[in-house]
Amino acid sequence: YVPRVDVMENDKTIRITAELPGVDEKNLDISLTDDSLILKGEKSEETKGEEKNYKWQERYYGSFQREIPLTCEVEAEQVKAEFKNGILTVTLPKTAKGKQKVRKISVKGT
């Protein structure tokens with residue numbers, strides 16, 4: 001299982017959103033290194049059913065790990081994570097060095 005992740009960046013923050021349906025908040029582990037954000041977790045699902053002549057039960061267990069490289073330095077002490085309705089949102093404020101403007105390079109056609 002590999003969760004779908006969106007990364008959005010502006011001049012002040014990097015915001016990472018991960019879709020984690022069926023994952024419980026207590027089964028999430030989020031860590032930050034100098035150059036990446038690491039998401040780890042475990043997902044488990046169980047369904048049961050019963051009809052006239054038979055019963056069924058299905059179980060699914062799996063773990064995941066996703067490492068997202070960071071493009072600049074972030075304020076580690078100010079990182080915030082929110083988990084709601086199976087969506088994890090991590091907001092990483094950039095340091096002053098990380099906020100430095102990017103130099104644009106013009107492209108000329110031949």
# chains A, B, ... in the order shown; residues from 1 in each chain; ligands from 1
call {"tool": "residues_around", "arguments": {"residues": "stretch 83-85 of chain A", "least_positions_apart": "3", "cutoff": "7 Å", "atoms": "only C-alpha atoms", "output": "MDAnalysis selection string"}}
result
chainID A and resid 25 88:89
call {"tool": "write_last_selection", "arguments": {"atoms": "N, CA and C atoms", "output": "PDB file, in the first residue's frame"}}
result
ATOM      1  N   GLU A  25      -5.482   7.106  13.410  1.00  0.00           N
ATOM      2  CA  GLU A  25      -4.497   8.109  13.826  1.00  0.00           C
ATOM      3  C   GLU A  25      -3.402   7.506  14.718  1.00  0.00           C
ATOM      4  N   LEU A  88      -4.355  13.276   5.949  1.00  0.00           N
ATOM      5  CA  LEU A  88      -3.291  13.830   6.775  1.00  0.00           C
ATOM      6  C   LEU A  88      -2.743  15.070   6.072  1.00  0.00           C
ATOM      7  N   THR A  89      -2.661  16.183   6.807  1.00  0.00           N
ATOM      8  CA  THR A  89      -2.083  17.407   6.271  1.00  0.00           C
ATOM      9  C   THR A  89      -0.937  17.827   7.177  1.00  0.00           C
TER      10      THR A  89
END
call {"tool": "closest_residue", "arguments": {"among": "A:Lys108, A:Lys80, A:Lys48, A:Lys99", "to": "A:Thr17", "atoms": "only C-alpha atoms"}}
result
A:Lys80
call {"tool": "atom_distance", "arguments": {"atom1": "atom CA of A:Asp6", "atom2": "atom CA of A:Ile87"}}
result
11.0 Å
call {"tool": "residues_around", "arguments": {"residues": "A:Gln100", "least_positions_apart": "6", "cutoff": "10 Å", "atoms": "only C-alpha atoms", "output": "VMD selection string"}}
result
chain A and resid 11 to 12 72 94
call {"tool": "write_last_selection", "arguments": {"atoms": "N, CA, C and O atoms", "output": "short mmCIF file (atom, residue, chain, number, x, y, z; two decimals), in the first residue's frame"}}
result
data_model
loop_
_atom_site.label_atom_id
_atom_site.label_comp_id
_atom_site.auth_asym_id
_atom_site.auth_seq_id
_atom_site.Cartn_x
_atom_site.Cartn_y
_atom_site.Cartn_z
N ASP A 11 6.02 30.56 -1.05
CA ASP A 11 7.25 31.18 -0.55
C ASP A 11 7.44 31.05 0.95
O ASP A 11 8.54 31.23 1.46
N LYS A 12 6.40 30.66 1.71
CA LYS A 12 6.50 30.56 3.16
C LYS A 12 6.44 29.14 3.71
O LYS A 12 7.01 28.86 4.75
N CYS A 72 13.92 22.50 0.68
CA CYS A 72 14.61 23.57 1.42
C CYS A 72 14.55 23.27 2.91
O CYS A 72 13.90 22.33 3.34
N LYS A 94 8.94 27.32 6.19
CA LYS A 94 10.31 27.42 5.72
C LYS A 94 11.13 28.33 6.65
O LYS A 94 10.60 29.26 7.24
#
call {"tool": "select_by_dssp", "arguments": {"residues": "chain A", "states": "strand (DSSP E)", "output": "PyMOL selection string"}}
result
chain A and resi 4-9+13-19+23-32+36-50+55-69+80-84+87-93
call {"tool": "residues_around", "arguments": {"residues": "A:Val90", "least_positions_apart": "6", "cutoff": "9 Å", "atoms": "only C-alpha atoms", "output": "number ranges by chain"}}
result
A: 14-18, 79-83
call {"tool": "write_last_selection", "arguments": {"atoms": "N, CA, C and O atoms", "output": "PDB file, in the first residue's frame"}}
result
ATOM      1  N   ILE A  14       5.687  24.606   2.999  1.00  0.00           N
ATOM      2  CA  ILE A  14       5.464  23.408   2.188  1.00  0.00           C
ATOM      3  C   ILE A  14       4.303  22.685   2.865  1.00  0.00           C
ATOM      4  O   ILE A  14       4.315  22.491   4.080  1.00  0.00           O
ATOM      5  N   ARG A  15       3.289  22.314   2.091  1.00  0.00           N
ATOM      6  CA  ARG A  15       2.142  21.601   2.648  1.00  0.00           C
ATOM      7  C   ARG A  15       2.034  20.252   1.950  1.00  0.00           C
ATOM      8  O   ARG A  15       1.966  20.166   0.731  1.00  0.00           O
ATOM      9  N   ILE A  16       2.024  19.199   2.768  1.00  0.00           N
ATOM     10  CA  ILE A  16       1.940  17.842   2.254  1.00  0.00           C
ATOM     11  C   ILE A  16       0.623  17.238   2.718  1.00  0.00           C
ATOM     12  O   ILE A  16       0.301  17.263   3.903  1.00  0.00           O
ATOM     13  N   THR A  17      -0.144  16.719   1.755  1.00  0.00           N
ATOM     14  CA  THR A  17      -1.427  16.100   2.048  1.00  0.00           C
ATOM     15  C   THR A  17      -1.381  14.652   1.586  1.00  0.00           C
ATOM     16  O   THR A  17      -1.006  14.382   0.447  1.00  0.00           O
ATOM     17  N   ALA A  18      -1.741  13.736   2.482  1.00  0.00           N
ATOM     18  CA  ALA A  18      -1.723  12.307   2.155  1.00  0.00           C
ATOM     19  C   ALA A  18      -3.101  11.713   2.396  1.00  0.00           C
ATOM     20  O   ALA A  18      -3.731  11.972   3.419  1.00  0.00           O
ATOM     21  N   VAL A  79       6.506  22.654  12.778  1.00  0.00           N
ATOM     22  CA  VAL A  79       5.772  21.771  11.869  1.00  0.00           C
ATOM     23  C   VAL A  79       4.479  21.338  12.549  1.00  0.00           C
ATOM     24  O   VAL A  79       4.466  20.994  13.731  1.00  0.00           O
ATOM     25  N   LYS A  80       3.376  21.359  11.783  1.00  0.00           N
ATOM     26  CA  LYS A  80       2.072  20.958  12.325  1.00  0.00           C
ATOM     27  C   LYS A  80       1.481  19.859  11.466  1.00  0.00           C
ATOM     28  O   LYS A  80       1.578  19.889  10.239  1.00  0.00           O
ATOM     29  N   ALA A  81       0.845  18.891  12.126  1.00  0.00           N
ATOM     30  CA  ALA A  81       0.185  17.788  11.422  1.00  0.00           C
ATOM     31  C   ALA A  81      -1.253  17.689  11.918  1.00  0.00           C
ATOM     32  O   ALA A  81      -1.524  17.776  13.114  1.00  0.00           O
ATOM     33  N   GLU A  82      -2.174  17.497  10.967  1.00  0.00           N
ATOM     34  CA  GLU A  82      -3.600  17.355  11.289  1.00  0.00           C
ATOM     35  C   GLU A  82      -4.135  16.153  10.527  1.00  0.00           C
ATOM     36  O   GLU A  82      -3.837  15.975   9.343  1.00  0.00           O
ATOM     37  N   PHE A  83      -4.923  15.327  11.214  1.00  0.00           N
ATOM     38  CA  PHE A  83      -5.496  14.134  10.596  1.00  0.00           C
ATOM     39  C   PHE A  83      -7.000  14.173  10.779  1.00  0.00           C
ATOM     40  O   PHE A  83      -7.500  14.203  11.901  1.00  0.00           O
TER      41      PHE A  83
END
call {"tool": "atom_distance", "arguments": {"atom1": "atom CA of A:Gln78", "atom2": "atom CA of A:Val5"}}
result
20.9 Å
call {"tool": "residues_around", "arguments": {"residues": "A:Glu42", "least_positions_apart": "5", "cutoff": "12 Å", "atoms": "only C-alpha atoms", "output": "MDAnalysis selection string"}}
result
chainID A and resid 1:3 20:29 60:66
call {"tool": "closest_residue", "arguments": {"among": "A:Lys43, A:Val107, A:Ile30, A:Ala76", "to": "A:Leu92", "atoms": "only C-alpha atoms"}}
result
A:Ala76
call {"tool": "atom_distance", "arguments": {"atom1": "atom CA of A:Leu70", "atom2": "atom CA of A:Gly86"}}
result
23.1 Å
call {"tool": "closest_residue", "arguments": {"among": "A:Glu19, A:Asp35, A:Glu50, A:Glu45", "to": "A:Glu73", "atoms": "only C-alpha atoms"}}
result
A:Asp35
